[in-house]
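The structure under discussion appears below in the form of structure tokens.
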Amino acid sequence: MTFSRGIGLFFGKIIHWIVAGLALSRVHPNVLTFLGLVINAWAAWLFAAGNFPWAGVVVIGAGLFDMVDGRVARQTNQVTKFGGFFDSVIDRYSDLAVLVGLQVYYASINRYFYVVLCAIVMMGTVMVSYTRARAENTIPRCKVGFMERPERVVLVILGALMSRMAPVLWILAVFTNITVISRMIYTWHETKGLEDAQLRAVPAEKNLKSTNPRR
């Protein structure tokens with residue numbers, strides 16, 4: 001067994017025990033989802049105060065709730081369509097709350113360029129989710145790109161713990177928007193393929209009707 005696999009199994013067991021305990025407590029999964037937002041709001045307050053390392057620790061705690069709410073829902077047979085919708089909406093609020101906290105901090109130290117950079121990250125963060133949701137109304141799947149929520153959260157945690165949020169914001173600003181562009185291109189290719197297939201199907205239907213006229 002490799003070291004990394006051992007660590008994964010260890011933390012996997014911890015998550016399993018936490019989920020089992022929460023399932024026995026009969027707590028509703030949506031309550032866990034909302035608690036994650038509350039904890040992220042606490043992290044945002046710490047970011048606004050410039051206390052980055054503790055903010056990173058709190059974001060880790062919020063991430064724990066994000067990992068277990070879905071598992072608790074499945075284990076207690078409380079999976080609902082609204083639960084998935086609620087989780088997605090709360091995730092967006094959680095992401096934006098942290099970035100608002102950073103904006104407040106940079107505004108307080110008169111680093112207005114980084115206030116704007118945070119705004120660009122906010123746009124990219126929202127659009128990564130929106131482009132996938134909108135695309136999947138038209139095509140079966142659109143999960144291309146690599147700057148999804150888990151990657152963003154890990155980067156924020158690392159930047160906070162090391163008090164190096166500026167480079168993390170640059171990375172997020174660039175790669176969230178690259179992910180958006182890649183999803184737009186992918187969706188264009190997929191929809192074009194569907195439209196071309198439909199256009200090819202129409203002449204085929206006409207030819208079939210012409211060779212089999214009604215009597």
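By convention in this document, the chains of the structure tokens carry letters A, B, ... by their order, each chain's residues are numbered from 1, and ligands are numbered from 1 in the order they are shown.
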
For this session: Using DSSP on the backbone coordinates, identify all residues within chain A classified as alpha helix (DSSP H); present the result as a ChimeraX atom specification.
Result: /A:3-25,29-48,52-75,81-108,112-135,149-161,165-211

Which residues of region 171-206 of chain A have any atom within 12 Å of an atom in region 148-163 of chain A when counting only C-alpha atoms, and what is the closest pair of atoms for each, with the distance in Å to one decimal? Order the rows by chain and rising number and write it as CSV.
residue,atom,partner,partner_atom,distance
A:Ile171,CA,A:Leu155,CA,8.7
A:Leu172,CA,A:Arg152,CA,7.1
A:Ala173,CA,A:Arg152,CA,10.5
A:Val174,CA,A:Arg152,CA,12.0
A:Phe175,CA,A:Glu148,CA,9.7
A:Thr176,CA,A:Glu148,CA,7.8
A:Asn177,CA,A:Glu148,CA,11.0
A:Ile178,CA,A:Glu148,CA,11.4
A:Thr179,CA,A:Glu148,CA,8.3
A:Val180,CA,A:Glu148,CA,10.2
A:Arg183,CA,A:Glu148,CA,11.7

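Counting only C-alpha atoms, the residue from A:Phe34, A:Tyr93, A:Tyr186, A:Phe82 that sits nearest to Arg141 (chain A) is A:Tyr186.
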
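Proximity ranking of A:Thr191, A:Phe52, A:Ala62, A:Val19 relative to Gln75 (chain A) places A:Val19 first, based on only C-alpha atoms.
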
For this session: Excluding Cys142 (chain A) and residues on its chain fewer than 5 positions from it, collect all residues at most 9 Å away from it, counting only C-alpha atoms, and give them as a ChimeraX atom specification.
Result: /A:131-133,135-136,183,186-187

Selected residues, N, CA and C atoms, written as an mmCIF file, in the first residue's frame, please.
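In the end it all went to part.cif:
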data_model
loop_
_atom_site.group_PDB
_atom_site.id
_atom_site.type_symbol
_atom_site.label_atom_id
_atom_site.label_comp_id
_atom_site.auth_asym_id
_atom_site.auth_seq_id
_atom_site.Cartn_x
_atom_site.Cartn_y
_atom_site.Cartn_z
ATOM 1 N N THR A 131 -22.281 27.895 -16.973
ATOM 2 C CA THR A 131 -22.091 27.340 -18.318
ATOM 3 C C THR A 131 -22.390 25.840 -18.347
ATOM 4 N N ARG A 132 -21.998 25.132 -17.277
ATOM 5 C CA ARG A 132 -22.303 23.700 -17.241
ATOM 6 C C ARG A 132 -23.807 23.468 -17.132
ATOM 7 N N ALA A 133 -24.460 24.203 -16.204
ATOM 8 C CA ALA A 133 -25.899 24.019 -16.021
ATOM 9 C C ALA A 133 -26.668 24.366 -17.289
ATOM 10 N N ALA A 135 -25.466 24.482 -20.426
ATOM 11 C CA ALA A 135 -25.117 23.559 -21.506
ATOM 12 C C ALA A 135 -25.872 22.247 -21.375
ATOM 13 N N GLU A 136 -26.011 21.761 -20.132
ATOM 14 C CA GLU A 136 -26.642 20.457 -19.934
ATOM 15 C C GLU A 136 -28.150 20.508 -20.089
ATOM 16 N N ARG A 183 -15.697 25.345 -21.952
ATOM 17 C CA ARG A 183 -17.048 24.790 -21.935
ATOM 18 C C ARG A 183 -17.900 25.380 -23.049
ATOM 19 N N TYR A 186 -16.667 23.583 -26.193
ATOM 20 C CA TYR A 186 -17.144 22.193 -26.184
ATOM 21 C C TYR A 186 -18.634 22.128 -26.517
ATOM 22 N N THR A 187 -19.414 23.024 -25.913
ATOM 23 C CA THR A 187 -20.853 23.034 -26.161
ATOM 24 C C THR A 187 -21.156 23.405 -27.604
#

Name the residues in contact with Leu37 (chain A) at a cut-off of 12 Å, using only C-alpha atoms, excluding same-chain residues fewer than 6 positions from it; report them as a short mmCIF file (atom, residue, chain, number, x, y, z; two decimals) with C-alpha atoms, in the first residue's frame.
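Final file, around-v4.cif:
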data_model
loop_
_atom_site.label_atom_id
_atom_site.label_comp_id
_atom_site.auth_asym_id
_atom_site.auth_seq_id
_atom_site.Cartn_x
_atom_site.Cartn_y
_atom_site.Cartn_z
CA ASN A 30 -30.18 20.39 4.06
CA VAL A 31 -29.34 21.56 7.58
CA ALA A 43 -14.32 32.31 7.07
CA ALA A 44 -15.29 35.38 5.04
CA VAL A 58 -12.39 27.40 8.89
CA VAL A 59 -12.78 26.77 5.14
CA GLY A 61 -14.27 22.83 8.36
CA ALA A 62 -16.86 24.13 5.90
CA GLY A 63 -15.55 21.70 3.29
CA LEU A 64 -16.23 18.84 5.70
CA PHE A 65 -19.93 19.71 5.72
CA ASP A 66 -19.83 19.94 1.94
CA PHE A 86 -30.38 23.61 -2.65
CA ASP A 87 -26.84 22.27 -2.31
CA SER A 88 -25.82 23.88 -5.60
CA VAL A 89 -27.30 27.26 -4.68
CA ILE A 90 -25.70 27.26 -1.21
CA ASP A 91 -22.34 26.33 -2.75
CA ARG A 92 -22.48 29.45 -4.92
CA TYR A 93 -23.26 31.64 -1.91
CA SER A 94 -20.41 30.01 0.02
CA ASP A 95 -17.93 30.63 -2.80
CA LEU A 96 -18.97 34.25 -3.18
CA ALA A 97 -19.00 34.93 0.57
CA VAL A 98 -15.31 34.03 0.83
#
